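Dropping model37.txt in here (compact mmCIF, C-alpha atoms):
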# COMPACT_ATOMS: atom_id res chain seq x y z
CA MET L 24 53.41 -36.44 -15.85
CA LYS L 25 52.38 -38.82 -13.16
CA ALA L 26 50.82 -35.99 -11.20
CA THR L 27 48.80 -34.71 -14.14
CA ILE L 28 47.20 -38.12 -14.54
CA LEU L 29 46.73 -38.65 -10.86
CA ILE L 30 45.04 -35.33 -10.09
CA PRO L 31 41.98 -35.79 -12.31
CA VAL L 32 41.64 -39.42 -11.22
CA VAL L 33 41.69 -38.45 -7.56
CA PHE L 34 39.26 -35.60 -8.25
CA LEU L 35 36.85 -37.86 -10.10
CA PHE L 36 37.05 -40.49 -7.42
CA SER L 37 36.54 -38.07 -4.57
CA SER L 38 33.45 -36.39 -6.06
CA HIS L 39 31.85 -39.77 -6.66
CA ALA L 40 32.69 -40.76 -3.13
CA VAL L 41 31.09 -37.57 -1.80
CA MET L 42 27.93 -38.24 -3.76
CA ALA L 43 27.85 -41.82 -2.54
CA ASP L 44 28.33 -40.70 1.07
CA ALA L 45 25.46 -38.24 1.00
CA LEU L 46 23.16 -40.68 -0.78
CA ASN L 47 24.06 -43.54 1.56
CA ASP L 48 23.16 -41.33 4.49
CA MET L 49 19.85 -40.45 2.89
CA PHE L 50 19.01 -44.04 1.94
CA ASN L 51 19.91 -45.28 5.42
CA GLU L 52 17.64 -42.70 6.93
CA TYR L 53 14.79 -43.75 4.65
CA LYS L 54 15.34 -47.40 5.62
CA GLN L 55 15.18 -46.48 9.28
CA ASN L 56 11.84 -44.84 8.52
CA GLY L 57 10.49 -48.06 7.03
CA VAL L 58 11.28 -47.69 3.34
CA THR L 59 12.13 -51.06 1.79
CA SER L 60 11.99 -50.38 -1.96
CA PHE L 61 13.92 -47.89 -4.04
CA ASN L 62 12.08 -47.70 -7.32
CA GLU L 63 13.74 -45.78 -10.14
CA GLN L 64 10.68 -46.04 -12.39
CA ALA L 65 8.37 -44.66 -9.70
CA GLY L 66 10.86 -41.86 -9.14
CA GLU L 67 10.87 -40.95 -12.83
CA THR L 68 7.07 -40.97 -12.98
CA LEU L 69 6.77 -38.71 -9.96
CA TRP L 70 9.49 -36.41 -11.30
CA ASN L 71 7.46 -35.85 -14.48
CA LYS L 72 4.00 -35.84 -12.92
CA GLN L 73 1.98 -32.66 -13.19
CA PHE L 74 0.21 -31.09 -10.22
CA ASN L 75 -2.28 -28.25 -10.05
CA ASP L 76 -1.45 -25.51 -7.61
CA ASN L 77 -4.56 -24.63 -5.62
CA LYS L 78 -3.63 -21.02 -5.04
CA THR L 79 -2.53 -19.98 -8.51
CA GLY L 80 -4.12 -22.60 -10.76
CA GLU L 81 -0.69 -23.19 -12.30
CA VAL L 82 0.32 -26.63 -13.52
CA ARG L 83 3.61 -27.54 -11.86
CA SER L 84 6.07 -30.40 -11.99
CA CYS L 85 9.72 -30.92 -11.13
CA THR L 86 10.46 -30.28 -14.79
CA THR L 87 8.92 -26.79 -14.62
CA CYS L 88 12.23 -25.52 -13.28
CA HIS L 89 14.64 -28.40 -13.84
CA GLY L 90 13.64 -28.87 -17.49
CA THR L 91 12.93 -32.13 -19.26
CA ASN L 92 16.59 -33.01 -19.78
CA LEU L 93 18.35 -33.61 -16.46
CA LYS L 94 21.73 -33.21 -18.10
CA LYS L 95 20.95 -29.65 -19.11
CA VAL L 96 20.71 -26.42 -17.17
CA GLY L 97 17.25 -25.63 -15.81
CA LYS L 98 15.60 -22.28 -15.21
CA HIS L 99 13.84 -20.97 -12.11
CA ALA L 100 10.19 -20.49 -13.11
CA LYS L 101 9.89 -17.09 -11.50
CA THR L 102 13.30 -15.46 -11.44
CA GLY L 103 14.76 -17.04 -14.57
CA LYS L 104 17.97 -17.85 -12.69
CA PRO L 105 19.79 -20.85 -14.23
CA ILE L 106 19.69 -24.08 -12.21
CA GLU L 107 22.66 -26.41 -12.56
CA PRO L 108 21.86 -29.82 -14.12
CA MET L 109 20.55 -32.42 -11.66
CA ALA L 110 22.33 -35.35 -13.36
CA PRO L 111 25.44 -36.29 -11.35
CA SER L 112 27.03 -37.53 -14.60
CA VAL L 113 27.36 -33.93 -15.81
CA ASN L 114 27.23 -32.02 -12.51
CA GLN L 115 29.59 -33.44 -9.93
CA LYS L 116 28.18 -31.28 -7.17
CA SER L 117 24.68 -32.66 -7.57
CA LEU L 118 23.41 -34.79 -4.65
CA THR L 119 26.62 -34.43 -2.63
CA GLU L 120 25.26 -32.71 0.50
CA VAL L 121 22.65 -34.16 2.82
CA LYS L 122 21.66 -30.73 4.09
CA LYS L 123 20.99 -29.45 0.59
CA ILE L 124 19.08 -32.55 -0.47
CA LYS L 125 16.78 -32.16 2.53
CA LYS L 126 16.33 -28.44 2.08
CA TRP L 127 15.38 -28.67 -1.56
CA PHE L 128 13.09 -31.65 -1.08
CA LYS L 129 11.19 -29.74 1.57
CA ARG L 130 10.87 -26.51 -0.35
CA ASN L 131 10.35 -27.90 -3.79
CA CYS L 132 7.87 -30.63 -2.85
CA LYS L 133 5.78 -27.98 -1.12
CA TRP L 134 5.89 -25.78 -4.20
CA THR L 135 5.26 -28.54 -6.71
CA LEU L 136 2.97 -30.99 -4.89
CA GLY L 137 1.53 -28.60 -2.32
CA ARG L 138 2.85 -30.82 0.47
CA GLU L 139 6.06 -32.43 1.66
CA CYS L 140 7.15 -35.60 -0.15
CA SER L 141 6.94 -38.85 1.78
CA THR L 142 10.14 -40.74 2.56
CA GLN L 143 9.10 -43.33 -0.05
CA GLU L 144 8.69 -40.64 -2.71
CA GLN L 145 12.04 -39.12 -1.80
CA ALA L 146 13.74 -42.52 -1.92
CA ASP L 147 12.33 -43.19 -5.40
CA ILE L 148 13.23 -39.77 -6.76
CA LEU L 149 16.80 -40.00 -5.45
CA THR L 150 17.15 -43.45 -6.96
CA TYR L 151 16.04 -42.06 -10.30
CA LEU L 152 18.24 -38.96 -10.10
CA LYS L 153 21.44 -40.65 -8.98
CA ASN L 154 21.53 -42.80 -12.13
CA GLN L 155 21.31 -39.85 -14.49
CA MET P 9 51.86 31.59 2.20
CA LYS P 10 49.61 33.22 -0.36
CA THR P 11 50.07 30.26 -2.68
CA ILE P 12 49.08 27.82 0.04
CA ILE P 13 45.91 29.78 0.77
CA THR P 14 45.03 29.99 -2.91
CA VAL P 15 45.63 26.28 -3.50
CA SER P 16 43.60 25.24 -0.48
CA SER P 17 40.78 27.62 -1.42
CA VAL P 18 40.63 26.16 -4.92
CA LEU P 19 40.68 22.63 -3.53
CA GLY P 20 37.97 23.56 -1.06
CA LEU P 21 35.86 25.05 -3.80
CA ILE P 22 36.21 21.92 -5.93
CA LEU P 23 35.26 19.76 -2.96
CA VAL P 24 32.20 21.82 -2.08
CA THR P 25 31.08 21.99 -5.72
CA ALA P 26 31.48 18.25 -6.16
CA LEU P 27 29.60 17.55 -2.93
CA VAL P 28 26.75 19.81 -3.96
CA MET P 29 26.63 18.29 -7.43
CA GLY P 30 26.84 14.78 -6.09
CA ASP P 31 23.89 15.44 -3.88
CA ASN P 32 21.67 16.49 -6.73
CA ASP P 33 19.85 13.33 -7.58
CA SER P 34 17.70 14.58 -10.42
CA ASP P 35 20.51 15.12 -12.88
CA GLU P 36 22.51 12.08 -13.97
CA LYS P 37 25.49 14.10 -15.18
CA ASN P 38 25.78 15.77 -11.83
CA GLU P 39 25.48 12.45 -10.11
CA HIS P 40 28.47 11.23 -12.08
CA SER P 41 30.56 14.05 -10.73
CA GLY P 42 29.36 12.92 -7.35
CA SER P 43 30.41 9.36 -7.96
CA MET P 44 33.83 10.49 -9.14
CA LEU P 45 34.28 12.15 -5.80
CA ASN P 46 32.82 9.14 -4.13
CA ARG P 47 35.52 7.03 -5.71
CA VAL P 48 38.07 9.16 -3.91
CA PHE P 49 36.22 8.37 -0.70
CA SER P 50 35.69 4.76 -1.71
CA LYS P 51 33.33 4.06 1.17
CA GLN P 52 30.75 6.04 -0.73
CA LEU P 53 30.48 3.63 -3.69
CA ASP P 54 26.99 2.42 -4.63
CA VAL P 55 26.34 -0.39 -2.15
CA ALA P 56 28.53 -2.75 -0.17
CA PRO P 57 29.01 -6.02 -2.10
CA VAL P 58 27.73 -9.25 -0.55
CA LYS P 59 30.37 -10.65 1.78
CA SER P 60 28.51 -13.62 3.20
CA THR P 61 29.04 -16.83 1.27
CA GLN P 62 26.09 -18.28 3.13
CA TYR P 63 23.84 -15.48 1.89
CA GLN P 64 25.23 -15.84 -1.61
CA GLU P 65 24.53 -19.54 -1.56
CA GLU P 66 21.20 -19.68 0.23
CA CYS P 67 19.52 -16.70 -1.40
CA GLY P 68 21.60 -16.38 -4.55
CA SER P 69 20.78 -19.88 -5.75
CA CYS P 70 17.27 -18.76 -6.73
CA HIS P 71 17.73 -15.10 -7.53
CA PHE P 72 20.26 -12.31 -7.72
CA ALA P 73 21.76 -11.92 -4.25
CA TYR P 74 20.44 -8.43 -3.57
CA GLN P 75 22.87 -6.52 -1.39
CA ALA P 76 21.68 -5.99 2.17
CA GLY P 77 22.24 -2.27 1.71
CA LEU P 78 19.34 -2.03 -0.73
CA LEU P 79 16.63 -2.24 1.96
CA PRO P 80 16.30 -1.06 5.56
CA ALA P 81 16.76 -3.49 8.44
CA ARG P 82 13.03 -3.46 9.21
CA SER P 83 12.30 -4.73 5.68
CA TRP P 84 14.76 -7.59 5.99
CA GLU P 85 13.34 -8.59 9.36
CA LYS P 86 9.84 -8.65 7.93
CA MET P 87 10.95 -10.65 4.90
CA MET P 88 13.00 -13.18 6.83
CA GLY P 89 10.06 -13.75 9.18
CA ASN P 90 7.88 -14.97 6.33
CA LEU P 91 10.06 -17.17 4.15
CA GLU P 92 7.31 -19.75 3.73
CA ASN P 93 5.57 -17.26 1.52
CA HIS P 94 8.46 -15.49 -0.14
CA PHE P 95 6.79 -13.56 -2.97
CA GLY P 96 4.59 -16.59 -3.56
CA GLU P 97 7.42 -19.11 -3.30
CA ASN P 98 8.44 -21.36 -0.45
CA ALA P 99 11.92 -20.35 0.65
CA GLU P 100 11.97 -22.01 4.08
CA LEU P 101 15.28 -22.32 5.88
CA ASP P 102 16.25 -24.15 9.02
CA ILE P 103 16.08 -21.82 12.01
CA GLU P 104 19.84 -21.62 12.46
CA THR P 105 20.42 -20.49 8.88
CA GLN P 106 17.45 -18.14 9.01
CA THR P 107 18.74 -16.45 12.16
CA GLY P 108 22.26 -16.15 10.82
CA LEU P 109 21.14 -14.65 7.53
CA THR P 110 18.76 -12.22 9.25
CA GLN P 111 21.61 -11.00 11.42
CA TYR P 112 23.80 -10.53 8.37
CA LEU P 113 21.10 -8.61 6.50
CA VAL P 114 20.20 -6.38 9.44
CA ARG P 115 23.81 -5.58 10.22
CA ASN P 116 24.46 -4.53 6.63
CA ALA P 117 21.06 -3.01 5.87
CA ALA P 118 20.63 0.35 4.14
CA ASP P 119 20.10 2.17 7.44
CA HIS P 120 23.32 0.70 8.80
CA ALA P 121 25.45 1.26 5.72
CA ASP P 122 27.42 4.32 4.71
CA TYR P 123 27.05 3.88 0.97
CA LYS P 124 25.59 6.17 -1.66
CA ARG P 125 22.63 4.13 -2.91
CA SER P 126 21.83 2.86 0.57
CA SER P 127 21.57 6.42 1.85
CA ARG P 128 19.42 7.45 -1.07
CA ILE P 129 17.06 4.52 -0.74
CA MET P 130 16.68 5.35 2.95
CA GLY P 131 16.16 9.00 2.10
CA SER P 132 13.31 8.10 -0.22
CA LEU P 133 11.45 6.12 2.44
CA GLY P 134 9.13 7.28 5.16
CA LYS P 135 10.20 6.65 8.74
CA ASN P 136 8.19 3.47 9.12
CA ASP P 137 8.07 2.28 5.52
CA SER P 138 9.29 -1.29 5.26
CA PRO P 139 9.04 -2.25 1.59
CA LEU P 140 9.71 -5.87 0.67
CA ARG P 141 10.51 -5.10 -2.93
CA ILE P 142 13.53 -2.95 -3.79
CA THR P 143 11.75 -2.18 -7.07
CA GLU P 144 8.95 -0.45 -5.14
CA THR P 145 11.12 1.98 -3.22
CA PRO P 146 10.60 5.57 -4.41
CA TYR P 147 14.32 5.88 -5.14
CA PHE P 148 14.32 2.81 -7.39
CA LEU P 149 11.20 3.98 -9.21
CA ARG P 150 12.68 7.41 -9.80
CA LYS P 151 15.94 6.00 -11.13
CA HIS P 152 14.17 3.69 -13.58
CA ASN P 153 11.23 5.84 -14.64
CA GLU P 154 12.74 6.66 -18.03
CA ILE P 155 12.71 3.00 -19.02
CA PRO P 156 9.29 1.99 -20.36
CA ARG P 157 8.00 -1.14 -18.58
CA LYS P 158 7.56 -2.89 -21.92
CA VAL P 159 11.29 -2.69 -22.63
CA ILE P 160 11.78 -4.95 -19.63
CA GLU P 161 8.58 -6.93 -19.40
CA ASN P 162 8.35 -7.80 -23.12
CA ASN P 163 12.03 -8.65 -23.27
CA PRO P 164 12.52 -12.40 -23.83
CA LYS P 165 15.71 -12.31 -21.74
CA LEU P 166 14.10 -10.51 -18.82
CA SER P 167 10.87 -10.84 -16.92
CA SER P 168 10.89 -7.89 -14.57
CA PHE P 169 12.99 -5.16 -13.03
CA SER P 170 14.06 -7.63 -10.34
CA GLN P 171 16.97 -9.07 -12.28
CA CYS P 172 19.51 -6.36 -11.44
CA ALA P 173 22.51 -8.10 -12.95
CA ALA P 174 20.83 -8.66 -16.31
CA CYS P 175 21.37 -4.97 -17.15
CA HIS P 176 23.75 -3.67 -14.46
CA VAL P 177 26.74 -5.70 -15.55
CA ASN P 178 28.68 -5.02 -12.35
CA ALA P 179 25.74 -5.34 -9.97
CA GLU P 180 27.33 -8.27 -8.19
CA LYS P 181 30.26 -6.08 -7.23
CA GLY P 182 27.85 -3.51 -5.82
CA SER P 183 28.17 -1.14 -8.77
CA TYR P 184 25.03 0.33 -10.31
CA ASP P 185 26.66 3.07 -12.36
CA GLU P 186 24.40 4.13 -15.22
CA ASP P 187 27.29 4.00 -17.70
CA GLU P 188 27.60 0.28 -17.10
CA VAL P 189 23.98 -0.50 -18.02
CA ARG P 190 23.54 -2.88 -20.95
CA ILE P 191 19.92 -3.93 -21.53
CA PRO P 192 19.76 -7.33 -23.29
CA GLY P 193 18.68 -6.84 -26.90
CA VAL P 194 18.85 -3.05 -26.51
CA GLY P 195 22.40 -2.30 -25.38
CA LYS P 196 23.37 0.95 -23.73
CA TRP P 197 20.47 3.00 -22.51
CA GLU P 198 20.49 6.63 -23.64
CA ASP P 199 18.15 9.08 -21.95
Using structure tokens, write down the structure from this file.
Amino acid sequence: MKATILIPVVFLFSSHAVMADALNDMFNEYKQNGVTSFNEQAGETLWNKQFNDNKTGEVRSCTTCHGTNLKKVGKHAKTGKPIEPMAPSVNQKSLTEVKKIKKWFKRNCKWTLGRECSTQEQADILTYLKNQ
Amino acid sequence: MKTIITVSSVLGLILVTALVMGDNDSDEKNEHSGSMLNRVFSKQLDVAPVKSTQYQEECGSCHFAYQAGLLPARSWEKMMGNLENHFGENAELDIETQTGLTQYLVRNAADHADYKRSSRIMGSLGKNDSPLRITETPYFLRKHNEIPRKVIENNPKLSSFSQCAACHVNAEKGSYDEDEVRIPGVGKWED
């Protein structure tokens, strides 16, 4: 009985700790690069902002693939492949690996904004996402 | 003695017949006989399933993790050298991951794999052809030519022929048997 209670508690705790570790690493790196503010509101605005793609004329935003509800499954715009929810409150794997966070920021900012995101923009977006 | 000769002759005849039938690509029924034989020699199943978790994760997070044995090594090399423009998408990887995945793909490519569909895809290509799309290989086109494009392209659950696993229910295991095809909203496909 004790074990059955303990296991989920340990699991819950460890996944939160993993997320916190990865995010702490990211936030520390941003600070070292001169970022002083971590603005959730700015992150939300950028997340929903629409950009025109020069090559295709398409209107793109983070929500194009991730959907408007971060707690729900998204859909890759081209392949239709489901994308796990970004909100850590429903997807415990979200934002738990530094390598993945960096990879997807690089790729997806280039696709959506046509350029890489600045460290300030990344800091704001992560601040917004981690509270979902 | 006579019995042994007779039995082995009959077995030999069955084997030869099955091999000949299995080689005939134009007739689906014959191909099934071929795949039955292939199951005996299990190495000859459709394509080798993906064994790299890194490949599954890196490539499979955006699209079906197409088995390496579906394109020749030269195609994979070309594709992996231009990930910044991956069919119009940015699929950049760090150099270490890119190198590792290229090695995996080349090592298991259609020209390095002893599997039925791999051999047939290779057989349908010219010596220097290096297609980037599996759906544009002559073998693929021939195998799907009875399905009108609109069945796929106007299907709300599909967008193109690229989503193997949407219809080939065991595609992830490397099985593309026609009997296992279930087209969303249509069901089994009858010729």
Check: Nearest to chain P among L:Gly57, L:Gly66, L:Pro105, L:Gly80, with distances taken over all atoms listed in the file: which residue is it?
Finding: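 Looking at the shortest contact to chain P, the residue is L:Pro105.
Using only C-alpha atoms, the nearest neighbour of Leu101 of chain P within the list L:Ala146, L:Lys126, L:Gln155, L:Thr91 is L:Lys126.
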Next item on the list: Pick out the chain P residues within 7 Å of chain L. Count all atoms listed in the file. Give them as a list in words.
Entry: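 Those within range of chain L come out as Cys70, His71, Glu97, Asn98, Ala99 and Glu100 of chain P.
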Next item on the list: Can you work out which one of P:Ala118, P:Gly96, P:Ser126, P:Gly108 has the shortest atom-to-atom distance to Ala81 of chain P, counting all atoms listed in the file?
Entry: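 For Ala81 of chain P, the nearest of the candidates is P:Ala118.
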Notebook entry, point to check: What does the distance between atom CA of Arg125 of chain P and atom CA of Ala174 of chain P come to in Å, to one decimal place?
Noted result: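 Atom CA of Arg125 of chain P sits 18.6 Å away from atom CA of Ala174 of chain P.
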Notebook entry, point to check: What's the 12 Å shell around Gln62 of chain P, counting all atoms listed in the file, without same-chain residues fewer than 6 positions away, as an MDAnalysis selection string?
Noted result: chainID P and resid 68:69 73 101 104:113
Next item on the list: For the point (21.0, -13.3, -0.4) in the file's frame, write as a PyMOL selection string all residues with an atom no more than 7 Å away, counting only C-alpha atoms.
Entry: chain P and resi 63-64+66-68+73-74
Margin query: One number please: atom CA of Glu188 of chain P to atom CA of His176 of chain P, in Å, one decimal.
Written below: 6.1 Å
Check: Which residues, written as number ranges by chain, have at least one atom at most 10 Å from segment 151-154 of chain L, with only C-alpha atoms counted and residues fewer than 2 positions away on the same chain left out?
Finding: L: 42-43, 46, 61-70, 93, 109-112, 117-118, 145-149
Just C-alpha atoms for this one: save the residues we selected as a short mmCIF file (atom, residue, chain, number, x, y, z; two decimals), in the frame of the given file.
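Here's the written file part.cif:
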data_model
loop_
_atom_site.label_atom_id
_atom_site.label_comp_id
_atom_site.auth_asym_id
_atom_site.auth_seq_id
_atom_site.Cartn_x
_atom_site.Cartn_y
_atom_site.Cartn_z
CA MET L 42 27.93 -38.24 -3.76
CA ALA L 43 27.85 -41.82 -2.54
CA LEU L 46 23.16 -40.68 -0.78
CA PHE L 61 13.92 -47.89 -4.04
CA ASN L 62 12.08 -47.70 -7.32
CA GLU L 63 13.74 -45.78 -10.14
CA GLN L 64 10.68 -46.04 -12.39
CA ALA L 65 8.37 -44.66 -9.70
CA GLY L 66 10.86 -41.86 -9.14
CA GLU L 67 10.87 -40.95 -12.83
CA THR L 68 7.07 -40.97 -12.98
CA LEU L 69 6.77 -38.71 -9.96
CA TRP L 70 9.49 -36.41 -11.30
CA LEU L 93 18.35 -33.61 -16.46
CA MET L 109 20.55 -32.42 -11.66
CA ALA L 110 22.33 -35.35 -13.36
CA PRO L 111 25.44 -36.29 -11.35
CA SER L 112 27.03 -37.53 -14.60
CA SER L 117 24.68 -32.66 -7.57
CA LEU L 118 23.41 -34.79 -4.65
CA GLN L 145 12.04 -39.12 -1.80
CA ALA L 146 13.74 -42.52 -1.92
CA ASP L 147 12.33 -43.19 -5.40
CA ILE L 148 13.23 -39.77 -6.76
CA LEU L 149 16.80 -40.00 -5.45
#
Put segment 138-152 of chain P into a file with N, CA and C atoms, as an mmCIF file, in the first residue's frame.
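Printed below is out_16.cif as written:
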data_model
loop_
_atom_site.group_PDB
_atom_site.id
_atom_site.type_symbol
_atom_site.label_atom_id
_atom_site.label_comp_id
_atom_site.auth_asym_id
_atom_site.auth_seq_id
_atom_site.Cartn_x
_atom_site.Cartn_y
_atom_site.Cartn_z
ATOM 1 N N SER P 138 18.587 9.252 -57.979
ATOM 2 C CA SER P 138 18.599 9.398 -56.512
ATOM 3 C C SER P 138 17.381 10.199 -56.070
ATOM 4 N N PRO P 139 16.206 9.543 -56.148
ATOM 5 C CA PRO P 139 14.969 10.252 -55.793
ATOM 6 C C PRO P 139 14.970 10.635 -54.312
ATOM 7 N N LEU P 140 14.335 11.768 -54.011
ATOM 8 C CA LEU P 140 14.209 12.172 -52.605
ATOM 9 C C LEU P 140 12.863 11.732 -52.043
ATOM 10 N N ARG P 141 11.929 11.521 -52.935
ATOM 11 C CA ARG P 141 10.601 11.093 -52.481
ATOM 12 C C ARG P 141 10.377 9.628 -52.833
ATOM 13 N N ILE P 142 10.044 8.833 -51.814
ATOM 14 C CA ILE P 142 9.732 7.420 -52.038
ATOM 15 C C ILE P 142 8.532 7.325 -52.985
ATOM 16 N N THR P 143 7.616 8.275 -52.837
ATOM 17 C CA THR P 143 6.381 8.264 -53.641
ATOM 18 C C THR P 143 6.639 8.540 -55.123
ATOM 19 N N GLU P 144 7.855 8.933 -55.468
ATOM 20 C CA GLU P 144 8.165 9.187 -56.881
ATOM 21 C C GLU P 144 9.006 8.079 -57.505
ATOM 22 N N THR P 145 9.303 7.051 -56.746
ATOM 23 C CA THR P 145 10.044 5.933 -57.341
ATOM 24 C C THR P 145 9.087 5.157 -58.254
ATOM 25 N N PRO P 146 9.577 4.676 -59.395
ATOM 26 C CA PRO P 146 8.694 3.942 -60.310
ATOM 27 C C PRO P 146 7.981 2.767 -59.621
ATOM 28 N N TYR P 147 8.674 2.105 -58.727
ATOM 29 C CA TYR P 147 8.042 0.967 -58.039
ATOM 30 C C TYR P 147 6.847 1.430 -57.214
ATOM 31 N N PHE P 148 7.017 2.498 -56.454
ATOM 32 C CA PHE P 148 5.915 3.026 -55.639
ATOM 33 C C PHE P 148 4.735 3.405 -56.539
ATOM 34 N N LEU P 149 5.040 4.130 -57.606
ATOM 35 C CA LEU P 149 3.974 4.603 -58.502
ATOM 36 C C LEU P 149 3.202 3.424 -59.090
ATOM 37 N N ARG P 150 3.940 2.384 -59.473
ATOM 38 C CA ARG P 150 3.288 1.217 -60.050
ATOM 39 C C ARG P 150 2.388 0.521 -59.023
ATOM 40 N N LYS P 151 2.857 0.451 -57.802
ATOM 41 C CA LYS P 151 2.091 -0.260 -56.772
ATOM 42 C C LYS P 151 0.856 0.518 -56.311
ATOM 43 N N HIS P 152 0.824 1.811 -56.578
ATOM 44 C CA HIS P 152 -0.307 2.618 -56.110
ATOM 45 C C HIS P 152 -1.149 3.170 -57.253
#
